[in-house]
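Step one of this worksheet: look at the structure below.
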Amino acid sequence: MGKYYVTGGTQRKNAKEGIEWFSYGEASIFIFDDVDGSVAKCVSYMTPDEIRPEEKNANVVFKAGSLDGHRLVVCTQTEILTYSLPDFKQVGYTTHPWLNDVHHVMVKGGGNYLIANTGLDMVLELTPAGEVVGEYSVLPGEDIWARFDKEVDYRKVFTTKPHHAHPNYVFEINGEIWVSRFVQKDVICLTNPNKVIDIGIEKVHDGNIHDGKVYFTAVDGHVVIADPVTCEVLAVHDLNAMTDTNKTLGWCRGLHILDDDRILVGFSRLRQSKFRENVQWVKFQIRQRESAGKLPTRVALYDLAAERLVWDINLEKYECNAVFSILPAD
């Protein structure tokens, strides 16, 4: 065990419940130590006005990032930033007019960025200089540009919702590009669309590879393990059943695999969503557990073999109000 980075955001002091695009006023990266429980903020960042929507107080938040050697690559909704570790000096910056509601970035072989460009229902491959070298619709057979316009600067567009797929996490296995699709509750191989992992439980996040298997979170508090070769779901773990509480667990998103049995999972305090029709489980949890209250934004360690919660760390005390990714700092 050791230290870990969390990418996310700090909520505005005057944020209104139910207004999802105005909640976060600062993109933030934190580090926590699971030995002594300490938490510290490493980065506070604000997207420049010229590449964000003009609507007052539009969100600024770090979504899911990735490690690239001794660098951390992370995205805001319209930018890709690279920080050296452990000093967090900014050593790279990329943006492009097509970036809208970006949810995840990773560095592929050769150094280009693979980006879950959620607002345009696509995965985009950019060079560090911002040149487009690949574009993939996450809806096979659908032309991206039949719905969108190449000449528009989507960084200035407040939202393109409702999305048809809402891709949110991209990963590579043996040179193949995979992406999780929130709406379809599945994971699809973009370079071989016949390969689909049907999660089916709830909306999907993450896509972390460990020992030839891929781990996913479902937003209602499940962790799913799948085989990317056979596309079979191998195991489903219900974190709700492992957590001794009658409170709402929160929005389950952010995952790091320690070993075959132990995982770190992120939870963001459950808030209202304007697009409630896309998150029916929220209605159920609010109806069943609202009177007991909501658990705070936190990181938790679960032992899947023992089916138990080992510990959790409340991040809200340190102004971390959303978790998008958990990355090892050691």
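Labels used: A, B, ... for chains in the order of the structure tokens, numbers from 1 for residues in each chain, and numbers from 1 for ligands as shown.
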
* To do: Identify, on the basis of only C-alpha atoms, every residue whose closest approach to Ala64 of chain A does not exceed 7 Å; exclude the query and any residue fewer than 3 positions from it along the same chain; express the result as JSON, numbers by chain.
  => {"A": [7, 74, 75, 103, 104, 105, 324, 325]}

* Between A:Ala322, A:Val187, A:Leu258, A:Val91, which one has atoms that come closest to Gly207 of chain A, using only C-alpha atoms? ->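 Of the candidates, the smallest distance to Gly207 of chain A is held by A:Val187.
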
* With a distance cut-off of 12 Å and only C-alpha atoms, select the neighbouring residues of Asn194 of chain A, excluding the residue or stretch itself and same-chain residues fewer than 6 positions from it, and output the selection as a count of residues only. => 8

* Asked: Hey, what's within 9 Å of Phe267 of chain A if we count only C-alpha atoms and toss same-chain stuff fewer than 2 positions away? As a list in words, please?
  ->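 Contacts, with the query itself left out: Val219, Gly221, Leu249, Gly250, Trp251, Cys252, Arg253, Gly254, Val265, Arg269, Leu270, Leu295, Pro296, Thr297, Arg298, Val299, Ala300, Ala322, Val323 and Phe324 of chain A.
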
* To do: List the neighbours of His163 of chain A out to 8 Å using only C-alpha atoms; skip same-chain residues closer than 4 positions along the sequence, and give me the result as a PyMOL selection string.
  => chain A and resi 118-121

Written file, previous selection with C-alpha atoms, as a short mmCIF file (atom, residue, chain, number, x, y, z; two decimals), in the first residue's frame:
```cif
data_model
loop_
_atom_site.label_atom_id
_atom_site.label_comp_id
_atom_site.auth_asym_id
_atom_site.auth_seq_id
_atom_site.Cartn_x
_atom_site.Cartn_y
_atom_site.Cartn_z
CA THR A 118 -17.80 12.46 -24.75
CA GLY A 119 -19.60 15.51 -26.10
CA LEU A 120 -19.18 14.35 -29.71
CA ASP A 121 -19.73 10.63 -29.00
#
```

* **In segment 84-315 of chain A, DSSP strand (DSSP E or B) residues written as number ranges by chain** => A: 84, 90-95, 102-107, 113-117, 122-126, 132-137, 167-173, 176-181, 186-189, 196-198, 204-210, 213-218, 222-227, 232-238, 248, 251-257, 262-268, 294, 298-303, 308-314

Run DSSP on the backbone and grab whatever in segment 168-273 of chain A lands in helix (DSSP H, G or I); send it over as a PDB file with C-alpha atoms, in the first residue's frame.
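Output file result12.pdb is given in full below:
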```pdb
ATOM      1  CA  LEU A 239     -20.251  -3.012  -3.141  1.00  0.00           C
ATOM      2  CA  ASN A 240     -23.611  -2.055  -1.650  1.00  0.00           C
ATOM      3  CA  ALA A 241     -23.833  -5.471  -0.021  1.00  0.00           C
ATOM      4  CA  MET A 242     -20.259  -5.142   1.291  1.00  0.00           C
TER       5      MET A 242
END
```

* **Shortest interatomic distance to Val107 of chain A - which of A:Phe32, A:Phe171, A:Tyr136, A:Tyr302, counting only C-alpha atoms** => A:Phe171
